[in-house]
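Peer 1: For reference, the structure I am asking about is given below.
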Amino acid sequence: MLEQQLARLERIVSNNDSATDMLRQIQQLQAENQQLRNALETLQFETTQAGDRQRQLYIDLDQRLQALESGGAVAAADGEGVAAAGVAVGGGSERGDYQAAFDLLKEGRYPEAATGFTAFLAGYPNSELRDNAQYWLAETHYVRQDFATAVSAFQEVIASYPASRKIPDAWLKIGYCNYELKRWPEARQALSIVEARFPETTAAKLAGQRLTLMNSEGH
């Protein structure tokens, strides 16, 4: 009798270990999926800005993202509930409203995209996409060369979302904005932070290139 009870306990423990291991794998896949989505968004936006000096290059992200999603790690597709037209967000799904604003950004409709991201931030105070929305809101100011406003908006990413994967890019753009504003010490400081804190990122490589340019220009 005792041996049977022990055997049953061992089976329960073994099943719990398997469930814990499966949960850990799912969480890891979800985290990797979010990282790929962030990078893919950057690729989608930057490739529409062929003349932008700060275009970031990411390779094979779409295929890797599709592989993750086909494995069942992602609960919903990006396009679910996307608003069919205009700026209107806040009445559809969280992902759909975010994607609607991002689509406006890709189309170069920057004022409408800014309105969309602002509405998203107001309408979804607990969304996991808030850091991305704030980053792209800042980008709408940057591409319109409103660099002073863009600096503040990128700083909000860093201040409010310190764990965001957008932090290296936010610091990079703060450096770029200050460069355009001819605030040389501030630009150099921001770019140096990117190199020092995030050395393995694309943002760090771009920061190094801009610092080299500044050195050649005597700034």
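Residue names in the structure tokens use chain letters A, B, ... in the order shown, residue numbers from 1 in each chain, and ligand numbers from 1 in the order shown.
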Excluding same-chain residues fewer than 6 positions from segment 165-182 of chain A, what lies within 8 Å of it counting only C-alpha atoms, as a list of chain:residue names?
Peer 2: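 Those residues are A:Gln35, A:Asn38, A:Asp131, A:Asn132, A:Tyr135, A:Tyr142, A:Phe147, A:Ala148, A:Ala150, A:Val151, A:Phe154, A:Gln155, A:Val157, A:Ile158, A:Arg188, A:Gln189, A:Ala190, A:Leu191, A:Ile193, A:Val194, A:Phe198, A:Thr201, A:Ala203, A:Ala204, A:Leu206, A:Ala207.
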Peer 1: Pick out the closest residue to Gly108 of chain A from this set: A:Arg130, A:Val143, A:Ser164, A:Asn215. Count only C-alpha atoms.
Peer 2: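 Ranked by minimum distance to Gly108 of chain A, first place goes to A:Val143.
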Peer 1: I need the residue nearest Glu128 of chain A from this list: A:Phe102, A:Ala163, A:Thr140, A:Ala113. Use only C-alpha atoms for the distance.
Peer 2: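 That would be A:Ala163, the residue with the smallest distance to Glu128 of chain A.
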